[in-house]
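Structure file model.txt; described as compact mmCIF, C-alpha atoms.
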# COMPACT_ATOMS: atom_id res chain seq x y z
CA MET A 1 176.48 168.82 132.14
CA ARG A 2 179.41 171.00 133.11
CA ASP A 3 177.78 174.08 131.63
CA GLU A 4 174.97 173.84 134.17
CA HIS A 5 177.45 174.12 137.02
CA GLY A 6 179.25 177.08 135.57
CA ASP A 7 176.22 179.32 135.81
CA THR A 8 177.02 181.16 139.04
CA ALA A 9 178.33 184.36 137.46
CA ASN A 10 174.84 185.88 137.46
CA PRO A 11 174.38 187.59 140.87
CA ALA A 12 170.59 187.44 140.71
CA VAL A 13 170.66 183.68 140.21
CA GLU A 14 173.26 183.33 142.93
CA SER A 15 171.28 185.25 145.52
CA ARG A 16 168.08 183.43 144.68
CA ASN A 17 169.88 180.11 144.97
CA SER A 18 171.40 180.96 148.33
CA ARG A 19 168.03 182.05 149.69
CA LEU A 20 166.56 178.76 148.51
CA ALA A 21 169.43 176.81 150.01
CA PHE A 22 168.89 178.60 153.32
CA TRP A 23 165.19 177.86 153.28
CA PHE A 24 165.78 174.26 152.34
CA ASN A 25 168.28 173.76 155.16
CA GLN A 26 165.77 175.05 157.70
CA TRP A 27 163.27 172.50 156.62
CA ARG A 28 165.35 169.46 156.03
CA THR A 29 166.02 168.27 159.57
CA PRO A 30 162.43 167.74 160.73
CA ILE A 31 161.40 166.50 157.34
CA ARG A 32 164.28 164.12 157.04
CA ARG A 33 163.39 162.66 160.43
CA TRP A 34 159.86 162.11 159.28
CA LEU A 35 160.87 160.69 155.93
CA ALA A 36 163.42 158.40 157.51
CA THR A 37 160.53 156.42 158.94
CA ARG A 38 158.75 156.30 155.58
CA SER A 39 161.23 154.89 153.15
CA SER A 40 164.38 152.90 153.00
CA VAL A 41 166.03 155.04 150.37
CA PRO A 42 168.85 156.87 152.15
CA THR A 43 166.97 160.08 152.85
CA ALA A 44 169.99 162.36 152.92
CA ASP A 45 170.97 161.12 149.47
CA LEU A 46 167.53 161.59 147.97
CA ASP A 47 167.23 165.08 149.47
CA ASP A 48 170.61 166.04 148.10
CA LEU A 49 169.73 164.64 144.72
CA ALA A 50 166.41 166.50 144.77
CA GLN A 51 168.16 169.75 145.60
CA GLU A 52 170.59 169.30 142.72
CA VAL A 53 167.71 168.53 140.35
CA PHE A 54 165.84 171.55 141.69
CA LEU A 55 168.75 173.93 141.07
CA ARG A 56 169.26 172.60 137.56
CA LEU A 57 165.56 172.91 136.79
CA LEU A 58 165.63 176.58 137.83
CA ARG A 59 168.30 177.26 135.22
CA TYR A 60 166.21 176.02 132.32
CA SER A 61 164.06 178.51 130.47
CA ASP A 62 160.37 178.11 131.30
CA ASP A 63 159.53 178.33 127.60
CA VAL A 64 161.36 175.09 126.99
CA VAL A 65 160.38 173.15 130.11
CA VAL A 66 156.71 174.08 130.16
CA GLU A 67 155.98 171.87 127.13
CA ASN A 68 156.70 168.79 129.18
CA PRO A 69 157.62 169.53 132.82
CA GLN A 70 157.42 165.94 134.04
CA SER A 71 159.69 164.54 131.35
CA TYR A 72 162.20 167.32 131.91
CA LEU A 73 162.16 166.68 135.63
CA PHE A 74 162.82 162.97 135.25
CA ARG A 75 165.39 163.51 132.52
CA ILE A 76 167.34 165.89 134.76
CA ALA A 77 167.00 163.40 137.63
CA THR A 78 168.31 160.65 135.36
CA ASN A 79 171.34 162.76 134.46
CA VAL A 80 172.08 163.55 138.09
CA ALA A 81 171.49 159.93 139.10
CA ASN A 82 173.92 158.78 136.39
CA GLU A 83 176.58 161.16 137.59
CA TRP A 84 176.02 160.06 141.18
CA ARG A 85 176.05 156.41 140.29
CA GLU A 86 179.45 156.84 138.72
CA ARG A 87 180.65 158.32 141.99
CA ALA A 88 178.85 155.74 144.15
CA ARG A 89 180.35 152.91 142.15
CA VAL A 90 183.71 153.98 143.47
CA ARG A 91 182.67 154.84 147.02
CA ARG A 92 179.74 152.66 147.98
CA PRO A 93 179.09 149.94 145.42
CA HIS A 94 176.32 148.28 147.50
CA ASP A 95 173.57 150.89 147.87
CA GLN A 96 172.87 152.28 144.43
CA SER A 97 169.80 150.29 143.43
CA TRP A 98 167.48 153.25 144.13
CA LEU A 99 169.48 155.37 141.71
CA ASP A 100 168.82 152.80 139.01
CA ASP A 101 165.10 153.17 139.55
CA LEU A 102 165.16 156.84 138.67
CA GLN A 103 166.13 155.89 135.14
CA ILE A 104 163.51 156.67 132.55
CA GLU A 105 163.64 153.00 131.53
CA PRO A 106 164.61 151.16 134.72
CA ALA A 107 167.02 148.30 134.14
CA ASP A 108 165.47 144.87 134.61
CA GLU A 109 167.30 143.35 137.46
CA PRO A 110 166.95 139.72 138.53
CA GLU A 111 164.94 139.44 141.71
CA ASN A 112 165.30 137.12 144.61
CA SER A 113 162.14 135.00 144.72
CA VAL A 114 161.73 135.02 148.51
CA ALA A 115 162.00 138.80 148.55
CA ARG A 116 159.56 138.94 145.67
CA THR A 117 157.00 136.85 147.50
CA LEU A 118 157.27 139.09 150.55
CA ILE A 119 156.87 142.18 148.41
CA HIS A 120 153.78 140.71 146.82
CA GLN A 121 152.26 139.92 150.21
CA HIS A 122 152.73 143.49 151.42
CA VAL A 123 151.53 145.09 148.24
CA ARG A 124 148.56 142.74 147.92
CA ALA A 125 147.47 143.36 151.50
CA ALA A 126 147.66 147.12 150.99
CA VAL A 127 145.76 146.90 147.69
CA GLN A 128 143.07 144.80 149.41
CA ARG A 129 142.51 147.54 151.96
CA LEU A 130 141.67 150.11 149.27
CA PRO A 131 137.99 150.97 148.72
CA GLN A 132 136.59 148.67 146.06
CA ARG A 133 136.27 151.11 143.16
CA GLN A 134 139.70 152.63 143.75
CA ARG A 135 141.14 149.13 143.81
CA GLU A 136 139.47 148.15 140.55
CA VAL A 137 140.57 151.32 138.81
CA LEU A 138 144.14 150.88 140.04
CA LEU A 139 144.24 147.25 138.88
CA LEU A 140 142.99 148.19 135.42
CA HIS A 141 145.70 150.83 135.24
CA VAL A 142 148.65 148.87 136.64
CA ASN A 143 147.83 145.31 135.58
CA ASP A 144 146.12 145.93 132.26
CA GLY A 145 147.76 149.21 131.31
CA LEU A 146 144.46 150.77 130.24
CA THR A 147 144.32 154.52 129.60
CA TYR A 148 142.16 156.66 131.89
CA MET A 149 139.63 157.01 129.08
CA GLN A 150 139.43 153.24 128.58
CA ILE A 151 139.01 152.72 132.32
CA ALA A 152 136.29 155.37 132.39
CA GLN A 153 134.40 153.64 129.57
CA ARG A 154 134.78 150.18 131.05
CA LYS A 155 133.61 151.21 134.53
CA GLY A 156 131.02 153.77 133.44
CA LEU A 157 132.85 156.58 135.22
CA THR A 158 134.00 160.01 134.12
CA TYR A 159 137.61 160.73 133.30
CA ARG A 160 137.75 163.04 136.31
CA VAL A 161 136.59 160.31 138.70
CA VAL A 162 139.17 157.86 137.32
CA LEU A 163 141.88 160.45 137.85
CA ARG A 164 140.71 161.11 141.39
CA ASP A 165 140.47 157.41 142.25
CA LEU A 166 143.99 156.76 140.97
CA THR A 167 145.36 159.70 142.91
CA ARG A 168 143.64 158.59 146.10
CA ALA A 169 144.59 154.94 145.68
CA TYR A 170 148.17 155.92 145.12
CA SER A 171 148.26 158.31 148.10
CA GLN A 172 146.82 155.58 150.30
CA LEU A 173 149.34 152.98 149.14
CA ARG A 174 152.15 155.46 149.35
CA SER A 175 151.42 156.20 152.99
CA GLU A 176 151.00 152.52 153.87
CA LEU A 177 153.91 151.01 151.99
CA SER A 178 157.51 151.99 152.27
CA LEU A 179 159.83 151.62 149.32
CA ARG A 180 161.26 148.63 151.15
CA ASP A 181 157.88 146.90 150.87
CA LEU A 182 158.17 147.39 147.15
CA GLY A 183 161.62 145.89 147.04
CA ALA A 184 163.81 148.98 146.86
CA PHE A 185 166.55 146.93 148.40
CA ASP A 186 166.21 143.58 146.76
CA PRO A 187 169.40 141.63 146.81
CA LEU A 188 170.72 141.84 143.29
CA MET B 1 150.14 158.93 161.38
CA ASP B 2 152.18 159.33 164.54
CA CYS B 3 153.43 162.67 165.69
CA TYR B 4 154.06 163.80 169.25
CA GLU B 5 155.06 167.44 169.26
CA GLU B 6 153.11 170.25 167.69
CA SER B 7 155.95 171.24 165.36
CA GLU B 8 156.37 167.65 164.28
CA CYS B 9 152.66 167.36 163.50
CA ARG B 10 152.87 170.49 161.38
CA ASP B 11 155.70 168.93 159.38
CA VAL B 12 153.81 165.70 158.91
CA TYR B 13 150.75 167.63 157.79
CA LYS B 14 152.82 169.67 155.36
CA MET B 15 154.49 166.57 153.93
CA THR B 16 151.16 164.82 153.56
CA LEU B 17 149.86 167.77 151.56
CA ILE B 18 152.95 167.72 149.35
CA MET B 19 152.51 163.99 148.82
CA GLU B 20 148.92 164.48 147.70
CA GLU B 21 149.80 167.35 145.41
CA ALA B 22 152.59 165.30 143.85
CA ALA B 23 150.21 162.41 143.23
CA ARG B 24 147.65 164.72 141.68
CA TRP B 25 150.16 166.30 139.30
CA TYR B 26 151.71 163.00 138.39
CA PHE B 27 148.45 161.34 137.38
CA HIS B 28 147.13 164.48 135.72
CA PHE B 29 150.21 164.54 133.58
CA GLU B 30 150.18 160.81 132.84
CA GLY B 31 146.61 161.16 131.61
CA GLY B 32 147.98 163.30 128.76
CA ASP B 33 146.68 166.47 127.11
CA LEU B 34 147.29 168.91 129.93
CA PRO B 35 146.29 172.35 128.66
CA PRO B 36 149.16 174.91 128.54
CA ALA B 37 147.92 176.79 131.63
CA LYS B 38 147.94 173.57 133.66
CA ARG B 39 151.41 172.67 132.47
CA ALA B 40 152.60 176.11 133.55
CA SER B 41 151.07 175.59 137.01
CA TYR B 42 152.73 172.23 137.24
CA LEU B 43 156.09 173.79 136.41
CA SER B 44 155.59 176.55 139.01
CA TRP B 45 154.78 173.91 141.58
CA LEU B 46 157.97 172.01 140.73
CA LYS B 47 160.02 175.18 140.91
CA ALA B 48 158.51 176.24 144.22
CA SER B 49 160.48 173.87 146.44
CA PRO B 50 163.10 171.11 146.45
CA LEU B 51 160.68 169.24 148.71
CA HIS B 52 158.26 169.05 145.78
CA ILE B 53 161.03 167.65 143.61
CA ALA B 54 162.02 165.14 146.29
CA GLU B 55 158.43 163.93 146.60
CA MET B 56 158.13 163.63 142.82
CA LEU B 57 161.27 161.50 142.74
CA ARG B 58 159.91 159.31 145.55
CA MET B 59 156.71 159.03 143.57
CA ARG B 60 158.66 157.86 140.54
CA LEU B 61 160.58 155.29 142.59
CA PHE B 62 157.34 154.10 144.11
CA ILE B 63 155.46 153.79 140.80
CA SER B 64 158.40 152.05 139.22
CA ARG B 65 158.43 149.50 142.07
CA LEU B 66 154.66 149.15 141.95
CA HIS B 67 154.78 148.30 138.26
CA ARG B 68 157.50 145.80 138.91
CA ALA B 69 155.36 144.09 141.55
CA ALA B 70 152.49 143.80 139.03
CA PRO B 71 150.31 141.93 138.41
CA LEU B 72 148.92 143.12 141.71
CA ASP B 73 146.68 140.37 142.88
CA THR B 74 143.68 139.88 140.64
CA HIS B 75 141.61 137.67 142.93
CA ALA B 76 141.36 140.62 145.32
CA ASN B 77 138.36 141.43 143.14
CA GLN B 78 136.43 138.36 144.17
CA SER B 79 137.58 137.83 147.74
CA ASN B 80 136.88 141.13 149.45
CA GLU B 81 133.64 142.62 148.21
CA GLU B 82 131.48 144.40 150.71

Could you write out this file's structure as structure tokens?
Amino acid sequence: MRDEHGDTANPAVESRNSRLAFWFNQWRTPIRRWLATRSSVPTADLDDLAQEVFLRLLRYSDDVVVENPQSYLFRIATNVANEWRERARVRRPHDQSWLDDLQIEPADEPENSVARTLIHQHVRAAVQRLPQRQREVLLLHVNDGLTYMQIAQRKGLTYRVVLRDLTRAYSQLRSELSLRDLGAFDPL
Amino acid sequence: MDCYEESECRDVYKMTLIMEEAARWYFHFEGGDLPPAKRASYLSWLKASPLHIAEMLRMRLFISRLHRAAPLDTHANQSNEE
């Protein structure tokens, strides 16, 4: 990916990037403080990684990326995560499990069964607190891997309602559970 | 959600909005068949801020962990109907 780094000769790109960097720096302190309470992924690292991904994404032509923005985003993140993991392996071999999870196909790591039980208790309790229909839709999606259309047919809902329920269920879980609850730092 | 100073509350509010937008885009996209105009809006949203990217990456971590914790309790269906 060296070619992506070499792209600073263009003054327009450079000035745009430095404005963005300035803006980002203004925001990061309060937001980092808030995020620090929300997740056990080292916030500084994830912010830095996100900024690197952001800058790389800006360098791609929209015509290419627009076909599949989400896949491009995660592919770039995977590349950056791989590069970082190489570096982390040397510097801090113990805290790289979150980098592994950004992989498009996360590696299956063995899990400690006590930790797993705890994770399940937290997740289960949070899932129980969801409104009934949101919970059912989420379970059909996560447990049974049904498509939105299949869920819609099974529950007699519209596609739009399924989409909204999933989004709401996720937002709710996301604000209740930290990544730690989901085992971001399982002992390997 | 706890916040004590006005500026802090604004940040929390802003982050909550970003979180919801990220979730909406993520699931929209996962559903497949986004029309070209929607895909373009999604890309503009991603390119609008590194905070959006950061939230999308958290989302991915979260979903990946959620899937790993599956099956998420199935007897929740029987035990807690109201």

Practice task
For chain A, list the residues within 6 Å of chain B, counting all atoms listed in the file, and write the list as a list in words.
Solution key: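 Result, ordered by chain then number: Ala50, Gln51, Phe54, Val66, Pro69, Asp101, Arg124, Asn143, Thr167 and Leu182 of chain A.
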
Exercise for the section: Can you work out the spacing between CA of Glu67 in chain A and CA of Tyr159 in chain A in Å, to one decimal? Expected result: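 Between CA of Glu67 in chain A and CA of Tyr159 in chain A the gap works out to 22.4 Å.
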
Practice task
Record the distance separating CA of Asp63 in chain A and CA of Val80 in chain A, expressed in Å with one decimal.
Solution key: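 Spanning CA of Asp63 in chain A to CA of Val80 in chain A is a straight-line distance of 22.0 Å.
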
Practice task
Considering only C-alpha atoms, return as a PyMOL selection string whatever protein or nucleic-acid residues lie within 10 Å of Leu130 in chain A, sequence-local ones (same chain, fewer than 2 positions apart) excluded.
Solution key: chain A and resi 125-128+132-136+138+168-170+172-173

Need the axis-aligned box for range 24-33 of chain B with 4 Å each side, so what are the centre and edges in Å to one decimal, as AutoDock Vina command-line options?
--center_x 149.2 --center_y 163.6 --center_z 134.4 --size_x 13.1 --size_y 13.7 --size_z 22.6

Fill in the blank from the handout: One decimal place gives the CA of Tyr60 in chain A-CA of Ile76 in chain A separation as 10.5 Å

Practice task
Would you list the contacts of Val162 in chain A as a ChimeraX atom specification, taking every protein, DNA or RNA residue within 8 Å and counting only C-alpha atoms, but skipping same-chain residues closer than 2 positions in sequence?
Solution key: /A:137,148,151-152,157-160,164-166

Residues of the last selection are to be written out with C-alpha atoms, as a PDB file, in the frame of the given file.
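The result, written out as part28.pdb:
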ATOM      1  CA  VAL A 137     140.570 151.320 138.810  1.00  0.00           C
ATOM      2  CA  TYR A 148     142.160 156.660 131.890  1.00  0.00           C
ATOM      3  CA  ILE A 151     139.010 152.720 132.320  1.00  0.00           C
ATOM      4  CA  ALA A 152     136.290 155.370 132.390  1.00  0.00           C
ATOM      5  CA  LEU A 157     132.850 156.580 135.220  1.00  0.00           C
ATOM      6  CA  THR A 158     134.000 160.010 134.120  1.00  0.00           C
ATOM      7  CA  TYR A 159     137.610 160.730 133.300  1.00  0.00           C
ATOM      8  CA  ARG A 160     137.750 163.040 136.310  1.00  0.00           C
ATOM      9  CA  ARG A 164     140.710 161.110 141.390  1.00  0.00           C
ATOM     10  CA  ASP A 165     140.470 157.410 142.250  1.00  0.00           C
ATOM     11  CA  LEU A 166     143.990 156.760 140.970  1.00  0.00           C
TER      12      LEU A 166
END
